[in-house]
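Have a look at the structure below before the remarks.
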Amino acid sequence: MQARSALFDVYGDHLRARGSEAPVAAVVRLLNPVGIAAPAVRTAISRMVTQGWLEPVQLSSGRGYRTTEQANRRLDEAGDRVYRRHLPTWDGRWHLAFVDAPAARATRNRLRADLTFVGYAELADNVWVSPFARAELGPVLERAGATARTAWADGFDPEPTGAWDLSSLRAAYEGWLASADGLVMRHLEAHDDEDEAAFAARFHLVHEWRKFLFDDPGLPEALLPGDWPGRDAAALFASAATRLKPGTDRFVARCLSA
């Protein structure tokens, strides 16, 4: 687990509902049970400030950092998808973005990754498709210095679900179903403190589940097969995350008040 990813998880899953800010010392305490050392935390924070995700703030308990508006938009959108909140109703249309990509290869690669993250797939060169208009499209393009023309398509024949690798996604969900219980138990058994154990187990559970955001576009039910394993995987995740939340919340409160 990289420190930068872990910080996004901490701020998105635990601090977003607590003012989106915390002292550096509290963040270090939160990430210690999941194996992220203090120097790595501080280095990642510095980089995230440079990238516009965090900003310094003076708190009553000492120097800290809060998420920027750019980060809050990303975290809220990701949280809605992680916990399957506010699922939109599909009207049968497809949203198309004809992207004028930036010239620099590194920026293009970052743009491709960000477009995939928010739910688009490349249907043809620089033509991206999604079953819904994603609110994050504009900010993603702006960060990359790119522009796009958009349009709605009333239908495709066949539907453009082949733009996503659904076979690999199916295998990934099946692997999740086979391993999630073991992942939780492994981390519960690794800590003597029950609340710390619940936090570590839930943190790793959410971290692994969040990886599906990079691959699963959240296609409407009408486009998914009846035996789609993502449904059972989502139910298993929700059940385990809910079960571990009380202990997790107690541990987070302790870290923030210490």
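How things are named: the first chain in the structure tokens is A, the next is B, and so on; residues count from 1 in each chain; ligands count from 1 in the order shown.
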
Extract, using only C-alpha atoms, all DNA, RNA and protein residues at most 9 Å from stretch 82-98 of chain A, discarding same-chain residues fewer than 6 positions from it, and format them as a tab-separated table (two decimals) with N, CA and C atoms, in the first residue's frame.
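For reference, around.tsv as written:
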chain	number	residue	atom	x	y	z
A	120	TYR	N	-15.37	6.57	-17.67
A	120	TYR	CA	-15.39	6.57	-19.13
A	120	TYR	C	-14.47	5.47	-19.66
A	125	ASP	N	-10.20	6.20	-30.95
A	125	ASP	CA	-9.15	7.16	-30.61
A	125	ASP	C	-9.75	8.50	-30.17
A	126	ASN	N	-9.47	8.85	-28.89
A	126	ASN	CA	-9.90	10.13	-28.31
A	126	ASN	C	-11.41	10.30	-28.24
A	127	VAL	N	-12.15	9.20	-28.38
A	127	VAL	CA	-13.61	9.23	-28.21
A	127	VAL	C	-13.95	8.37	-26.99
A	128	TRP	N	-14.46	9.03	-25.96
A	128	TRP	CA	-14.72	8.35	-24.68
A	128	TRP	C	-16.22	8.25	-24.45
A	129	VAL	N	-16.64	7.13	-23.86
A	129	VAL	CA	-18.06	6.85	-23.70
A	129	VAL	C	-18.36	6.47	-22.26
A	130	SER	N	-19.55	6.84	-21.81
A	130	SER	CA	-20.02	6.48	-20.47
A	130	SER	C	-21.54	6.41	-20.52
A	131	PRO	N	-22.16	5.54	-19.71
A	131	PRO	CA	-23.62	5.50	-19.69
A	131	PRO	C	-24.23	6.73	-19.01
A	132	PHE	N	-23.41	7.50	-18.32
A	132	PHE	CA	-23.89	8.70	-17.63
A	132	PHE	C	-22.91	9.85	-17.88
A	133	ALA	N	-23.40	11.07	-17.81
A	133	ALA	CA	-22.52	12.24	-17.84
A	133	ALA	C	-21.89	12.38	-16.46
A	134	ARG	N	-20.60	12.25	-16.36
A	134	ARG	CA	-19.92	12.27	-15.08
A	134	ARG	C	-19.58	13.71	-14.69
A	137	LEU	N	-15.98	15.08	-15.19
A	137	LEU	CA	-15.36	15.20	-16.51
A	137	LEU	C	-14.69	16.56	-16.69
A	147	THR	N	-9.38	19.80	-23.65
A	147	THR	CA	-10.76	20.21	-23.91
A	147	THR	C	-11.49	19.05	-24.58
A	148	ALA	N	-12.81	19.14	-24.62
A	148	ALA	CA	-13.60	18.08	-25.25
A	148	ALA	C	-14.94	18.64	-25.72
A	149	ARG	N	-15.42	18.09	-26.80
A	149	ARG	CA	-16.80	18.30	-27.22
A	149	ARG	C	-17.61	17.10	-26.75
A	150	THR	N	-18.82	17.31	-26.33
A	150	THR	CA	-19.63	16.22	-25.81
A	150	THR	C	-20.92	16.08	-26.61
A	151	ALA	N	-21.48	14.89	-26.56
A	151	ALA	CA	-22.73	14.62	-27.26
A	151	ALA	C	-23.42	13.44	-26.58
A	152	TRP	N	-24.71	13.29	-26.88
A	152	TRP	CA	-25.48	12.15	-26.40
A	152	TRP	C	-25.82	11.25	-27.59
A	153	ALA	N	-25.65	9.95	-27.41
A	153	ALA	CA	-26.06	8.98	-28.42
A	153	ALA	C	-27.28	8.24	-27.91
A	154	ASP	N	-28.33	8.20	-28.72
A	154	ASP	CA	-29.57	7.54	-28.30
A	154	ASP	C	-29.43	6.03	-28.24
A	155	GLY	N	-28.47	5.48	-28.95
A	155	GLY	CA	-28.30	4.04	-28.91
A	155	GLY	C	-27.15	3.58	-29.78
A	156	PHE	N	-26.65	2.40	-29.49
A	156	PHE	CA	-25.61	1.77	-30.29
A	156	PHE	C	-26.09	0.36	-30.67
A	160	PRO	N	-22.02	-0.40	-26.52
A	160	PRO	CA	-20.56	-0.30	-26.46
A	160	PRO	C	-19.93	-0.82	-25.17
A	206	VAL	N	-11.55	-1.63	2.53
A	206	VAL	CA	-11.95	-0.51	1.68
A	206	VAL	C	-10.88	-0.24	0.62
A	209	TRP	N	-11.22	-2.82	-2.07
A	209	TRP	CA	-12.47	-2.62	-2.80
A	209	TRP	C	-12.39	-1.39	-3.69
A	210	ARG	N	-11.71	-0.34	-3.22
A	210	ARG	CA	-11.60	0.90	-3.97
A	210	ARG	C	-10.90	0.70	-5.31
A	212	PHE	N	-11.57	-1.33	-7.50
A	212	PHE	CA	-12.55	-1.57	-8.56
A	212	PHE	C	-13.00	-0.26	-9.22
A	213	LEU	N	-12.77	0.88	-8.57
A	213	LEU	CA	-13.15	2.15	-9.18
A	213	LEU	C	-12.38	2.40	-10.47
A	218	GLY	N	-19.51	1.13	-13.44
A	218	GLY	CA	-20.85	1.25	-12.88
A	218	GLY	C	-21.92	1.19	-13.94
A	219	LEU	N	-21.80	0.18	-14.81
A	219	LEU	CA	-22.79	0.05	-15.89
A	219	LEU	C	-24.18	-0.21	-15.31
A	220	PRO	N	-25.22	0.28	-15.97
A	220	PRO	CA	-26.59	0.05	-15.51
A	220	PRO	C	-26.93	-1.44	-15.44
A	221	GLU	N	-27.83	-1.78	-14.56
A	221	GLU	CA	-28.23	-3.19	-14.39
A	221	GLU	C	-28.70	-3.80	-15.70
A	222	ALA	N	-29.36	-3.02	-16.52
A	222	ALA	CA	-29.90	-3.54	-17.78
A	222	ALA	C	-28.81	-4.04	-18.72
A	234	ALA	N	-20.45	-6.66	-3.99
A	234	ALA	CA	-20.85	-5.41	-3.34
A	234	ALA	C	-21.60	-5.68	-2.04
A	237	PHE	N	-19.02	-6.70	0.59
A	237	PHE	CA	-18.27	-5.54	1.05
A	237	PHE	C	-19.10	-4.70	2.02
A	238	ALA	N	-20.35	-4.41	1.65
A	238	ALA	CA	-21.19	-3.56	2.48
A	238	ALA	C	-21.42	-4.18	3.85

### Task
Mind checking which residues fall within 12 Å of A:Ala3, counting only C-alpha atoms, ignoring those fewer than 4 positions away in the same chain, and posting them as an MDAnalysis selection string?
chainID A and resid 7:10 27:28 30:32 34:48 207

Per-residue DSSP, stretch 72-127 of chain A, filtered to strand (DSSP E), as a PDB file with all heavy atoms, in the first residue's frame:
ATOM      1  N   TRP A  94     -26.131   7.221 -24.179  1.00  0.00           N
ATOM      2  CA  TRP A  94     -24.703   7.165 -23.858  1.00  0.00           C
ATOM      3  C   TRP A  94     -24.097   8.551 -24.017  1.00  0.00           C
ATOM      4  O   TRP A  94     -24.405   9.269 -24.958  1.00  0.00           O
ATOM      5  CB  TRP A  94     -23.989   6.187 -24.792  1.00  0.00           C
ATOM      6  CG  TRP A  94     -24.387   4.762 -24.549  1.00  0.00           C
ATOM      7  CD1 TRP A  94     -25.438   4.093 -25.097  1.00  0.00           C
ATOM      8  CD2 TRP A  94     -23.741   3.843 -23.673  1.00  0.00           C
ATOM      9  NE1 TRP A  94     -25.493   2.805 -24.632  1.00  0.00           N
ATOM     10  CE2 TRP A  94     -24.459   2.620 -23.749  1.00  0.00           C
ATOM     11  CE3 TRP A  94     -22.629   3.915 -22.840  1.00  0.00           C
ATOM     12  CZ2 TRP A  94     -24.093   1.486 -23.030  1.00  0.00           C
ATOM     13  CZ3 TRP A  94     -22.258   2.787 -22.110  1.00  0.00           C
ATOM     14  CH2 TRP A  94     -22.987   1.593 -22.206  1.00  0.00           C
ATOM     15  N   HIS A  95     -23.235   8.899 -23.073  1.00  0.00           N
ATOM     16  CA  HIS A  95     -22.552  10.192 -23.116  1.00  0.00           C
ATOM     17  C   HIS A  95     -21.203  10.021 -23.809  1.00  0.00           C
ATOM     18  O   HIS A  95     -20.421   9.140 -23.459  1.00  0.00           O
ATOM     19  CB  HIS A  95     -22.334  10.730 -21.700  1.00  0.00           C
ATOM     20  CG  HIS A  95     -21.910  12.166 -21.667  1.00  0.00           C
ATOM     21  ND1 HIS A  95     -20.749  12.587 -21.084  1.00  0.00           N
ATOM     22  CD2 HIS A  95     -22.513  13.280 -22.156  1.00  0.00           C
ATOM     23  CE1 HIS A  95     -20.638  13.892 -21.206  1.00  0.00           C
ATOM     24  NE2 HIS A  95     -21.702  14.338 -21.851  1.00  0.00           N
ATOM     25  N   LEU A  96     -20.955  10.852 -24.802  1.00  0.00           N
ATOM     26  CA  LEU A  96     -19.714  10.795 -25.567  1.00  0.00           C
ATOM     27  C   LEU A  96     -18.890  12.054 -25.323  1.00  0.00           C
ATOM     28  O   LEU A  96     -19.445  13.164 -25.256  1.00  0.00           O
ATOM     29  CB  LEU A  96     -20.009  10.680 -27.068  1.00  0.00           C
ATOM     30  CG  LEU A  96     -20.766   9.429 -27.516  1.00  0.00           C
ATOM     31  CD1 LEU A  96     -21.140   9.550 -28.994  1.00  0.00           C
ATOM     32  CD2 LEU A  96     -19.926   8.187 -27.277  1.00  0.00           C
ATOM     33  N   ALA A  97     -17.583  11.874 -25.185  1.00  0.00           N
ATOM     34  CA  ALA A  97     -16.653  12.995 -25.050  1.00  0.00           C
ATOM     35  C   ALA A  97     -15.583  12.851 -26.121  1.00  0.00           C
ATOM     36  O   ALA A  97     -14.843  11.853 -26.131  1.00  0.00           O
ATOM     37  CB  ALA A  97     -16.025  13.009 -23.667  1.00  0.00           C
ATOM     38  N   PHE A  98     -15.523  13.821 -27.011  1.00  0.00           N
ATOM     39  CA  PHE A  98     -14.518  13.845 -28.078  1.00  0.00           C
ATOM     40  C   PHE A  98     -13.371  14.723 -27.570  1.00  0.00           C
ATOM     41  O   PHE A  98     -13.468  15.956 -27.577  1.00  0.00           O
ATOM     42  CB  PHE A  98     -15.112  14.397 -29.369  1.00  0.00           C
ATOM     43  CG  PHE A  98     -16.295  13.612 -29.872  1.00  0.00           C
ATOM     44  CD1 PHE A  98     -17.577  13.889 -29.411  1.00  0.00           C
ATOM     45  CD2 PHE A  98     -16.125  12.579 -30.786  1.00  0.00           C
ATOM     46  CE1 PHE A  98     -18.674  13.159 -29.868  1.00  0.00           C
ATOM     47  CE2 PHE A  98     -17.210  11.853 -31.251  1.00  0.00           C
ATOM     48  CZ  PHE A  98     -18.482  12.138 -30.787  1.00  0.00           C
ATOM     49  N   VAL A  99     -12.318  14.078 -27.094  1.00  0.00           N
ATOM     50  CA  VAL A  99     -11.276  14.755 -26.331  1.00  0.00           C
ATOM     51  C   VAL A  99     -10.149  15.237 -27.241  1.00  0.00           C
ATOM     52  O   VAL A  99      -9.632  14.471 -28.064  1.00  0.00           O
ATOM     53  CB  VAL A  99     -10.715  13.810 -25.242  1.00  0.00           C
ATOM     54  CG1 VAL A  99      -9.578  14.489 -24.482  1.00  0.00           C
ATOM     55  CG2 VAL A  99     -11.833  13.402 -24.280  1.00  0.00           C
ATOM     56  N   ASP A 100      -9.791  16.494 -27.076  1.00  0.00           N
ATOM     57  CA  ASP A 100      -8.575  17.028 -27.692  1.00  0.00           C
ATOM     58  C   ASP A 100      -7.458  16.842 -26.671  1.00  0.00           C
ATOM     59  O   ASP A 100      -7.285  17.660 -25.758  1.00  0.00           O
ATOM     60  CB  ASP A 100      -8.758  18.510 -28.041  1.00  0.00           C
ATOM     61  CG  ASP A 100      -9.814  18.712 -29.121  1.00  0.00           C
ATOM     62  OD1 ASP A 100      -9.838  17.917 -30.072  1.00  0.00           O
ATOM     63  OD2 ASP A 100     -10.620  19.649 -28.995  1.00  0.00           O
ATOM     64  N   ALA A 121     -14.734   5.038 -20.894  1.00  0.00           N
ATOM     65  CA  ALA A 121     -13.860   4.106 -21.606  1.00  0.00           C
ATOM     66  C   ALA A 121     -13.640   4.651 -23.006  1.00  0.00           C
ATOM     67  O   ALA A 121     -14.521   5.302 -23.581  1.00  0.00           O
ATOM     68  CB  ALA A 121     -14.473   2.705 -21.668  1.00  0.00           C
ATOM     69  N   GLU A 122     -12.469   4.356 -23.565  1.00  0.00           N
ATOM     70  CA  GLU A 122     -12.141   4.862 -24.894  1.00  0.00           C
ATOM     71  C   GLU A 122     -12.758   3.951 -25.949  1.00  0.00           C
ATOM     72  O   GLU A 122     -12.343   2.810 -26.120  1.00  0.00           O
ATOM     73  CB  GLU A 122     -10.629   4.975 -25.078  1.00  0.00           C
ATOM     74  CG  GLU A 122     -10.250   5.818 -26.279  1.00  0.00           C
ATOM     75  CD  GLU A 122      -8.787   6.198 -26.314  1.00  0.00           C
ATOM     76  OE1 GLU A 122      -7.978   5.477 -25.692  1.00  0.00           O
ATOM     77  OE2 GLU A 122      -8.438   7.204 -26.963  1.00  0.00           O
ATOM     78  N   LEU A 123     -13.755   4.463 -26.639  1.00  0.00           N
ATOM     79  CA  LEU A 123     -14.477   3.701 -27.658  1.00  0.00           C
ATOM     80  C   LEU A 123     -13.713   3.667 -28.975  1.00  0.00           C
ATOM     81  O   LEU A 123     -13.702   2.661 -29.690  1.00  0.00           O
ATOM     82  CB  LEU A 123     -15.865   4.320 -27.860  1.00  0.00           C
ATOM     83  CG  LEU A 123     -16.825   3.625 -28.819  1.00  0.00           C
ATOM     84  CD1 LEU A 123     -17.146   2.221 -28.325  1.00  0.00           C
ATOM     85  CD2 LEU A 123     -18.104   4.451 -28.953  1.00  0.00           C
ATOM     86  N   ALA A 124     -13.085   4.771 -29.318  1.00  0.00           N
ATOM     87  CA  ALA A 124     -12.204   4.902 -30.477  1.00  0.00           C
ATOM     88  C   ALA A 124     -11.167   5.948 -30.091  1.00  0.00           C
ATOM     89  O   ALA A 124     -11.237   6.516 -28.992  1.00  0.00           O
ATOM     90  CB  ALA A 124     -12.987   5.330 -31.717  1.00  0.00           C
ATOM     91  N   VAL A 127     -12.153   9.205 -28.383  1.00  0.00           N
ATOM     92  CA  VAL A 127     -13.613   9.230 -28.207  1.00  0.00           C
ATOM     93  C   VAL A 127     -13.949   8.372 -26.985  1.00  0.00           C
ATOM     94  O   VAL A 127     -13.741   7.161 -26.991  1.00  0.00           O
ATOM     95  CB  VAL A 127     -14.355   8.690 -29.449  1.00  0.00           C
ATOM     96  CG1 VAL A 127     -15.863   8.729 -29.216  1.00  0.00           C
ATOM     97  CG2 VAL A 127     -13.981   9.487 -30.687  1.00  0.00           C
TER      98      VAL A 127
END

#### Entry: Close residues, A:Arg74 itself excluded, 12 Å, only C-alpha atoms, min 5 positions apart in chain, as a list of chain:residue names
A:Phe8, A:Asp9, A:Tyr11, A:Gly12, A:Arg16, A:Gly52, A:Trp53, A:Thr67, A:Thr68, A:Glu69, A:Gly79, A:Asp80, A:Arg81, A:Asp114, A:Phe117, A:Val118, A:Arg134, A:Ala135, A:Glu136, A:Leu137, A:Gly138, A:Pro139, A:Val140, A:Leu213
